[in-house]
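The next block holds one structure in the form of structure tokens; read it before the comments.
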Amino acid sequence: MHEFSIVDSLIKLIDRQPFDSHEIKSVVVSAGPMRGIDENCLQWAWKETIHDTMLEKATLIFKPLPWVLHCKQCDKKFETEDFGAPCQCGNPNPTLSGGDELTLESLEIFEDQYDNSILNKTD
């Protein structure tokens, strides 16, 4: 199950971010269909891996991306849920143009951990 290696890579990437000891509330990841990610397996791998880390309270939000095809006949790129979809121009064989993306889109940090006293000082 390659979802564990994906989670491991995400954790390493997040660990390199300058968050000090702040806990992360959510992690948003998107992936194309060529990655072959099973969302249930990814969620399970996430929950099993984040214990005793700054991600322990974090929710993983997975956004599956569609196939991206390119029609050489009309030079149109289009997104579809069906890899075998024909182009609107009638070409039955568009070529694969995308679908192998894996992106850490965003991180949300718990706000209540910040010390706002500096911002509220008056001289």
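Chain labels follow the order of the structure tokens: the first chain is A, the next B, and so on; residue numbering restarts at 1 in every chain, and ligands are counted from 1 in their shown order.
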
Notebook entry, point to check: If you count only C-alpha atoms, which residues fall within 9 Å of Val68 (chain A), apart from same-chain ones fewer than 5 positions away, as a PyMOL selection string?
Noted result: chain A and resi 32+77-81+83+95-99

Keeping only N, CA and C atoms, take the residues you just selected and write them out as a PDB file, in the first residue's frame.
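And here is the file that came out, out02.pdb:
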```pdb
ATOM      1  N   GLY A  32      -3.723  13.562  -8.826  1.00  0.00           N
ATOM      2  CA  GLY A  32      -4.312  13.096 -10.071  1.00  0.00           C
ATOM      3  C   GLY A  32      -4.566  11.599 -10.033  1.00  0.00           C
ATOM      4  N   LYS A  77      -7.245  21.194 -24.658  1.00  0.00           N
ATOM      5  CA  LYS A  77      -7.014  20.440 -23.420  1.00  0.00           C
ATOM      6  C   LYS A  77      -8.314  20.441 -22.656  1.00  0.00           C
ATOM      7  N   PHE A  78      -8.652  19.294 -22.062  1.00  0.00           N
ATOM      8  CA  PHE A  78      -9.879  19.226 -21.285  1.00  0.00           C
ATOM      9  C   PHE A  78      -9.740  18.240 -20.139  1.00  0.00           C
ATOM     10  N   GLU A  79     -10.543  18.483 -19.105  1.00  0.00           N
ATOM     11  CA  GLU A  79     -10.569  17.618 -17.930  1.00  0.00           C
ATOM     12  C   GLU A  79     -11.769  16.699 -18.023  1.00  0.00           C
ATOM     13  N   THR A  80     -11.586  15.472 -17.527  1.00  0.00           N
ATOM     14  CA  THR A  80     -12.667  14.500 -17.569  1.00  0.00           C
ATOM     15  C   THR A  80     -12.484  13.472 -16.457  1.00  0.00           C
ATOM     16  N   GLU A  81     -13.568  12.888 -16.039  1.00  0.00           N
ATOM     17  CA  GLU A  81     -13.518  11.807 -15.053  1.00  0.00           C
ATOM     18  C   GLU A  81     -13.262  10.468 -15.750  1.00  0.00           C
ATOM     19  N   PHE A  83     -11.107   8.426 -18.433  1.00  0.00           N
ATOM     20  CA  PHE A  83      -9.851   8.424 -19.187  1.00  0.00           C
ATOM     21  C   PHE A  83     -10.079   8.180 -20.684  1.00  0.00           C
ATOM     22  N   THR A  95      -4.844  12.401 -26.177  1.00  0.00           N
ATOM     23  CA  THR A  95      -3.705  11.866 -25.434  1.00  0.00           C
ATOM     24  C   THR A  95      -3.699  12.411 -24.007  1.00  0.00           C
ATOM     25  N   LEU A  96      -3.068  11.665 -23.137  1.00  0.00           N
ATOM     26  CA  LEU A  96      -2.946  12.052 -21.740  1.00  0.00           C
ATOM     27  C   LEU A  96      -2.030  13.263 -21.626  1.00  0.00           C
ATOM     28  N   SER A  97      -2.488  14.265 -20.891  1.00  0.00           N
ATOM     29  CA  SER A  97      -1.713  15.487 -20.725  1.00  0.00           C
ATOM     30  C   SER A  97      -1.433  15.791 -19.259  1.00  0.00           C
ATOM     31  N   GLY A  98      -2.122  15.154 -18.360  1.00  0.00           N
ATOM     32  CA  GLY A  98      -1.934  15.377 -16.929  1.00  0.00           C
ATOM     33  C   GLY A  98      -2.683  14.322 -16.155  1.00  0.00           C
ATOM     34  N   GLY A  99      -2.416  14.274 -14.885  1.00  0.00           N
ATOM     35  CA  GLY A  99      -3.094  13.296 -14.041  1.00  0.00           C
ATOM     36  C   GLY A  99      -2.162  12.655 -13.038  1.00  0.00           C
TER      37      GLY A  99
END
```

| field | Which of chain A DSSP labels strand (DSSP E), written as a PyMOL selection string | value | chain A and resi 24-31+59-64+67-71+76-80+95-98+102-109

With C-alpha atoms retained, write the just-selected residues as a compact mmCIF listing (two decimals), in the first residue's frame.
```txt
# COMPACT_ATOMS: atom_id res chain seq x y z
CA ILE A 24 -1.67 21.92 12.49
CA LYS A 25 -5.45 21.83 12.13
CA SER A 26 -5.76 20.57 8.55
CA VAL A 27 -3.69 19.48 5.58
CA VAL A 28 -5.11 19.72 2.06
CA VAL A 29 -3.65 17.43 -0.60
CA SER A 30 -4.68 17.00 -4.22
CA ALA A 31 -3.70 14.15 -6.52
CA THR A 59 -7.42 16.47 9.51
CA LEU A 60 -6.32 15.32 6.08
CA ILE A 61 -8.46 16.69 3.27
CA PHE A 62 -7.97 14.81 0.00
CA LYS A 63 -9.02 16.36 -3.30
CA PRO A 64 -8.95 13.92 -6.23
CA TRP A 67 -7.80 13.27 -15.96
CA VAL A 68 -6.38 15.96 -18.24
CA LEU A 69 -6.46 15.04 -21.93
CA HIS A 70 -5.18 16.84 -25.03
CA CYS A 71 -6.71 16.58 -28.47
CA LYS A 76 -7.90 21.49 -26.99
CA LYS A 77 -7.01 20.44 -23.42
CA PHE A 78 -9.88 19.23 -21.29
CA GLU A 79 -10.57 17.62 -17.93
CA THR A 80 -12.67 14.50 -17.57
CA THR A 95 -3.71 11.87 -25.43
CA LEU A 96 -2.95 12.05 -21.74
CA SER A 97 -1.71 15.49 -20.73
CA GLY A 98 -1.93 15.38 -16.93
CA LEU A 102 0.49 15.25 -6.14
CA THR A 103 0.30 18.62 -4.40
CA LEU A 104 0.37 19.76 -0.81
CA GLU A 105 -2.09 22.60 -1.32
CA SER A 106 -2.39 24.14 2.13
CA LEU A 107 -1.90 23.83 5.86
CA GLU A 108 -4.13 25.37 8.51
CA ILE A 109 -2.64 26.07 11.93
```

* Asked: Smallest atom-to-atom distance to Lys47 (chain A): which of A:Glu23, A:Asp82, A:Asp8, A:Glu101, using only C-alpha atoms?
  ->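 Distance minimum relative to Lys47 (chain A) lands on A:Asp8.
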
- Task: Considering only C-alpha atoms, state which residue in the set A:Cys89, A:Asp100, A:His2, A:Phe110 is at the smallest distance from Leu42 (chain A).
- Result: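 Result for the nearest residue to Leu42 (chain A): A:His2.
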
inquiry  = When DSSP is applied to the backbone of this structure, which of chain A are assigned alpha helix (DSSP H)? Write them out as a ChimeraX atom specification.
reply    = /A:3-15,39-49

May I have the selected residues written with N, CA and C atoms, as a compact mmCIF listing (two decimals), in the first residue's frame?
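The result, written out as part04.txt:
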```txt
# COMPACT_ATOMS: atom_id res chain seq x y z
N GLU A 3 0.10 4.34 0.00
CA GLU A 3 -0.42 5.49 0.73
C GLU A 3 0.44 5.82 1.95
N PHE A 4 1.05 4.82 2.57
CA PHE A 4 1.94 5.09 3.71
C PHE A 4 3.16 5.89 3.27
N SER A 5 3.71 5.57 2.11
CA SER A 5 4.87 6.34 1.64
C SER A 5 4.48 7.76 1.26
N ILE A 6 3.26 7.95 0.78
CA ILE A 6 2.78 9.29 0.47
C ILE A 6 2.63 10.09 1.76
N VAL A 7 2.03 9.49 2.77
CA VAL A 7 1.88 10.16 4.07
C VAL A 7 3.25 10.48 4.65
N ASP A 8 4.18 9.56 4.56
CA ASP A 8 5.53 9.79 5.07
C ASP A 8 6.17 10.99 4.37
N SER A 9 6.02 11.07 3.06
CA SER A 9 6.57 12.20 2.31
C SER A 9 5.90 13.51 2.69
N LEU A 10 4.59 13.48 2.91
CA LEU A 10 3.87 14.69 3.33
C LEU A 10 4.37 15.17 4.69
N ILE A 11 4.54 14.24 5.62
CA ILE A 11 5.02 14.61 6.95
C ILE A 11 6.41 15.22 6.87
N LYS A 12 7.28 14.65 6.07
CA LYS A 12 8.63 15.20 5.92
C LYS A 12 8.59 16.60 5.30
N LEU A 13 7.72 16.81 4.35
CA LEU A 13 7.57 18.12 3.73
C LEU A 13 7.03 19.13 4.74
N ILE A 14 6.03 18.74 5.50
CA ILE A 14 5.45 19.63 6.51
C ILE A 14 6.46 19.94 7.61
N ASP A 15 7.27 18.96 7.99
CA ASP A 15 8.29 19.18 9.02
C ASP A 15 9.32 20.23 8.61
N GLU A 39 -8.62 6.84 -1.35
CA GLU A 39 -8.81 7.83 -0.28
C GLU A 39 -8.97 7.18 1.08
N ASN A 40 -9.68 6.07 1.17
CA ASN A 40 -9.85 5.39 2.47
C ASN A 40 -8.51 4.90 3.01
N CYS A 41 -7.68 4.35 2.14
CA CYS A 41 -6.35 3.88 2.56
C CYS A 41 -5.46 5.06 2.97
N LEU A 42 -5.57 6.17 2.24
CA LEU A 42 -4.79 7.36 2.58
C LEU A 42 -5.19 7.89 3.95
N GLN A 43 -6.49 7.96 4.21
CA GLN A 43 -6.96 8.44 5.51
C GLN A 43 -6.51 7.51 6.64
N TRP A 44 -6.58 6.21 6.38
CA TRP A 44 -6.14 5.24 7.39
C TRP A 44 -4.64 5.39 7.65
N ALA A 45 -3.86 5.49 6.59
CA ALA A 45 -2.40 5.65 6.74
C ALA A 45 -2.09 6.94 7.50
N TRP A 46 -2.84 8.00 7.21
CA TRP A 46 -2.66 9.28 7.90
C TRP A 46 -2.89 9.11 9.40
N LYS A 47 -4.02 8.52 9.75
CA LYS A 47 -4.38 8.37 11.16
C LYS A 47 -3.38 7.48 11.92
N GLU A 48 -2.85 6.48 11.23
CA GLU A 48 -1.90 5.57 11.87
C GLU A 48 -0.51 6.17 12.01
N THR A 49 -0.20 7.19 11.25
CA THR A 49 1.16 7.74 11.19
C THR A 49 1.35 9.00 12.02
```

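CA of Asn93 (chain A) lies 8.9 Å from CA of Lys72 (chain A).
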
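Here CA of Asp75 (chain A) and CA of Cys87 (chain A) stand 10.0 Å from one another.
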